[in-house]
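A.B. asks: The structure under discussion is supplied below as structure tokens; questions concerning it will follow.
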Amino acid sequence: MTEPEQKLSLDVAAVAKKLATARCVAVVTGAGVSAESGIRTFRDTMEGLWKEFDAKKLATPEAFDADPATVSRWYDHRRLGCLAAEPNPGHLALAAIERNITSRGGEFHLFTQNVDRLHQRAMTSNVIELHGNIMEWRCTQTGELILLPPEAMTVYPAPSPFSSGSLLRPNVVWFGEALPEEALIRAYEVFPRADFVMTVGTSATVYPAAGLIELCDRLDATRVEVNKDATPASRHVDYSFRGASGDLLPRLVRAAWPPNG
Ligand code: BV8
């Protein structure tokens with residue numbers, strides 16, 4: 001076993017020991033977790049008819065106001081992609097962590113920046129969506145929500161069924177929009193008292209989600225990052241695993257709760 005592999009095994013064992021006895025686990029996930037389900041991240045260059053677009057410019061209220069048809073078409077394209085995707089071993093490992101922690105009377109809170117609802121489809125129950133979700137669409141006038149059927153929208157932009165003359169917009173949080181108040185209140189309440197916090201598959205560049213890991217200020221807390229690349233969060237954690245969430249998270253679960261007990 002090479003030296004890096006040895007260090008990885010020791011770190012996984014150390015983190016697993018802390019995880020297995022944690023009483024309050026707070027996790028924040030980003031697009032990197034869903035990347036292994038085939039859902040491209042914001043930093044991936046877009047392809048096909050979207051290659052000349054910049055995701056960060058499309059994910060704004062200004063873009064929707066200027067060209068609701070194009071923005072609606074992009075979100076509907078992404079919505080269908082998310083529906084066609086399946087949860088991957090990283091999603092399933094996080095659901096297993098929740099089951100193991102809560103079955104021993106602990107708390108598990110999964111804050112996600114992802115809008116694809118794959119954590120819910122992986123049967124994680126306590127998912128807090130920081131940036132909304134791409135499955136629900138909202139009336140621009142009344143704010144009422146509607147879940148669209150699994151097939152493509154028939155017209156872009158879609159007229160709102162709730163208020164004539166209004167449109168449907170994706171129920172996501174765009175850049176420049178406030179995050180859901182209840183999600184932020186929960187995050188600001190949980191992270192400072194969590195004894196195990198983990199950031200997974202995020203570039204930790206989009207605020208306020210990127211700042212959550214820094215809220216953990218318990219001296220006895222274990223702070224972990226799982227990400228393919230180093231990020232601004234890497235200096236705020238005790239263990240920063242470089243690698244795919246679909247490999248590292250299941251390894252952590254097996255080490256914390258060995259299958260043969
Ligand atoms: C707000 C939904 C205020 C839409 C998204 C300081 C404080 C507060 C705000 C700001 C601030 N500084 C700047 C701001 C403004 C802005 C911001 O943060 N800008 C950045 C660019 C600097 N923040 C906002 O606008 C937020 N709003 O603060 O409002 C306010 C208050 C009151 C009233 C009005 C306003 C709203 C931000 C939410 C934007 N919406 N998504 C949609 O999906 O279309 S953000 C979107 O981009 C994603 O959700 C994701 O979080 C983010 C980044 O996307 P990616 O880079 O693709 O993904 P990610 O970051 O997760 O990176 C992928 C990582 O995974 C990489 O590091 C890669 O190495 C790794 N990886 C890849 N594969 C794997 C992997 N890791 C492990 N395994 C793998 N297999």
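We label chains A, B, ... in the order they appear in the structure tokens, count residues from 1 in each chain, and number ligands from 1 in the order shown.
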Which residues are near ligand 1 in this structure, taking near to mean any atom at most 8 Å from a ligand atom and counting only C-alpha atoms and all ligand atoms? Format them as an MDAnalysis selection string.
C.D. replies: chainID A and resid 29:36 40:44 55:56 58:60 75 113:115 130:134 172:179 200:210 226:231 242:246
A.B. asks: Output the selection as a short mmCIF file (atom, residue, chain, number, x, y, z; two decimals), in the first residue's frame - C-alpha atoms for each residue.
C.D. replies:
data_model
loop_
_atom_site.label_atom_id
_atom_site.label_comp_id
_atom_site.auth_asym_id
_atom_site.auth_seq_id
_atom_site.Cartn_x
_atom_site.Cartn_y
_atom_site.Cartn_z
CA THR A 29 -23.91 19.03 -0.65
CA GLY A 30 -23.30 20.56 -4.05
CA ALA A 31 -23.46 19.64 -7.71
CA GLY A 32 -20.45 17.32 -7.37
CA VAL A 33 -22.63 14.74 -5.58
CA SER A 34 -25.05 14.62 -8.52
CA ALA A 35 -22.26 14.69 -11.11
CA GLU A 36 -21.95 10.90 -10.74
CA ARG A 40 -23.47 18.36 -15.06
CA THR A 41 -22.27 20.91 -12.55
CA PHE A 42 -22.44 24.66 -13.07
CA ARG A 43 -18.69 24.77 -13.69
CA ASP A 44 -18.89 22.13 -16.45
CA ALA A 55 -25.15 28.98 -16.54
CA LYS A 56 -24.42 31.68 -14.01
CA LEU A 58 -29.02 32.11 -17.12
CA ALA A 59 -29.72 31.36 -13.42
CA THR A 60 -30.85 34.93 -12.69
CA TYR A 75 -34.75 24.64 -16.95
CA GLN A 113 -27.57 23.31 -2.98
CA ASN A 114 -28.78 20.84 -5.59
CA VAL A 115 -32.18 21.28 -7.20
CA LEU A 130 -31.11 25.79 0.08
CA HIS A 131 -31.59 26.68 -3.60
CA GLY A 132 -35.10 25.32 -4.22
CA ASN A 133 -35.83 22.60 -6.72
CA ILE A 134 -36.29 22.20 -10.45
CA VAL A 172 -35.22 27.60 -7.68
CA VAL A 173 -33.23 30.37 -5.99
CA TRP A 174 -31.50 32.43 -8.68
CA PHE A 175 -28.34 34.47 -8.13
CA GLY A 176 -29.37 37.69 -6.43
CA GLU A 177 -32.44 36.06 -4.84
CA ALA A 178 -32.76 35.32 -1.15
CA LEU A 179 -32.59 31.72 0.04
CA VAL A 200 -19.52 17.22 -0.13
CA GLY A 201 -19.19 17.95 -3.84
CA THR A 202 -19.27 21.70 -3.74
CA SER A 203 -16.82 24.35 -4.86
CA ALA A 204 -17.81 26.32 -1.75
CA THR A 205 -17.99 29.51 -3.82
CA VAL A 206 -21.71 30.32 -3.68
CA TYR A 207 -22.89 32.18 -0.60
CA PRO A 208 -24.45 31.97 1.90
CA ALA A 209 -24.30 28.12 1.46
CA ALA A 210 -20.51 28.22 1.15
CA VAL A 226 -15.20 15.31 0.37
CA ASN A 227 -14.49 16.94 -3.01
CA LYS A 228 -12.58 16.23 -6.20
CA ASP A 229 -10.78 19.56 -5.97
CA ALA A 230 -9.51 21.73 -3.12
CA THR A 231 -11.91 24.55 -2.29
CA ARG A 242 -9.80 14.48 -2.46
CA GLY A 243 -11.92 12.13 -4.51
CA ALA A 244 -15.31 11.12 -5.82
CA SER A 245 -18.19 11.26 -3.37
CA GLY A 246 -19.55 8.02 -4.85
#
A.B. asks: Could you tell me, as an MDAnalysis selection string, which residues of stretch 40-248 of chain A DSSP assigns to strand (DSSP E) when given the backbone?
C.D. replies: chainID A and resid 107:112 127:129 132:139 145:147 168:172 196:200 222:227 239:242
A.B. asks: What does the structure give for the distance between atom CA of A:Phe241 and atom CA of A:Glu225, in Å to one decimal?
C.D. replies: 5.9 Å
A.B. asks: For the helix (DSSP H, G or I) assignment from backbone DSSP, which residues of stretch 75-136 of chain A qualify? Please present them as a PyMOL selection string.
C.D. replies: chain A and resi 75-84+89-103+118-121
A.B. asks: Could those selected residues go to a file with C-alpha atoms, as a PDB file, in the first residue's frame?
C.D. replies:
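Output saved as part_21.pdb:
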ATOM      1  CA  TYR A  75     -34.748  24.644 -16.950  1.00  0.00           C
ATOM      2  CA  ASP A  76     -37.176  22.237 -18.592  1.00  0.00           C
ATOM      3  CA  HIS A  77     -34.209  20.569 -20.379  1.00  0.00           C
ATOM      4  CA  ARG A  78     -32.454  20.238 -16.998  1.00  0.00           C
ATOM      5  CA  ARG A  79     -35.665  19.080 -15.268  1.00  0.00           C
ATOM      6  CA  LEU A  80     -36.049  16.189 -17.750  1.00  0.00           C
ATOM      7  CA  GLY A  81     -32.363  15.330 -17.268  1.00  0.00           C
ATOM      8  CA  CYS A  82     -32.851  15.186 -13.507  1.00  0.00           C
ATOM      9  CA  LEU A  83     -35.935  12.980 -13.884  1.00  0.00           C
ATOM     10  CA  ALA A  84     -33.953  10.590 -16.113  1.00  0.00           C
ATOM     11  CA  PRO A  89     -23.767   5.493  -4.388  1.00  0.00           C
ATOM     12  CA  GLY A  90     -22.900   8.895  -2.911  1.00  0.00           C
ATOM     13  CA  HIS A  91     -26.592   9.764  -2.470  1.00  0.00           C
ATOM     14  CA  LEU A  92     -27.292   6.284  -1.066  1.00  0.00           C
ATOM     15  CA  ALA A  93     -24.386   6.522   1.388  1.00  0.00           C
ATOM     16  CA  LEU A  94     -25.731   9.806   2.781  1.00  0.00           C
ATOM     17  CA  ALA A  95     -29.142   8.165   3.264  1.00  0.00           C
ATOM     18  CA  ALA A  96     -27.374   5.292   5.085  1.00  0.00           C
ATOM     19  CA  ILE A  97     -25.595   7.779   7.364  1.00  0.00           C
ATOM     20  CA  GLU A  98     -28.971   9.339   8.205  1.00  0.00           C
ATOM     21  CA  ARG A  99     -30.487   5.920   9.020  1.00  0.00           C
ATOM     22  CA  ASN A 100     -27.531   4.912  11.228  1.00  0.00           C
ATOM     23  CA  ILE A 101     -27.367   8.236  13.081  1.00  0.00           C
ATOM     24  CA  THR A 102     -31.101   8.608  13.690  1.00  0.00           C
ATOM     25  CA  SER A 103     -31.622   4.942  14.650  1.00  0.00           C
ATOM     26  CA  LEU A 118     -31.929  13.000  -5.950  1.00  0.00           C
ATOM     27  CA  HIS A 119     -31.302  13.026  -2.192  1.00  0.00           C
ATOM     28  CA  GLN A 120     -35.041  12.582  -1.648  1.00  0.00           C
ATOM     29  CA  ARG A 121     -35.179   9.830  -4.260  1.00  0.00           C
TER      30      ARG A 121
END
A.B. asks: Would you please work out which residue, of A:Val15, A:Ser240, A:Val253, A:Tyr188, is nearest to A:Thr222 when using only C-alpha atoms?
C.D. replies: A:Val15
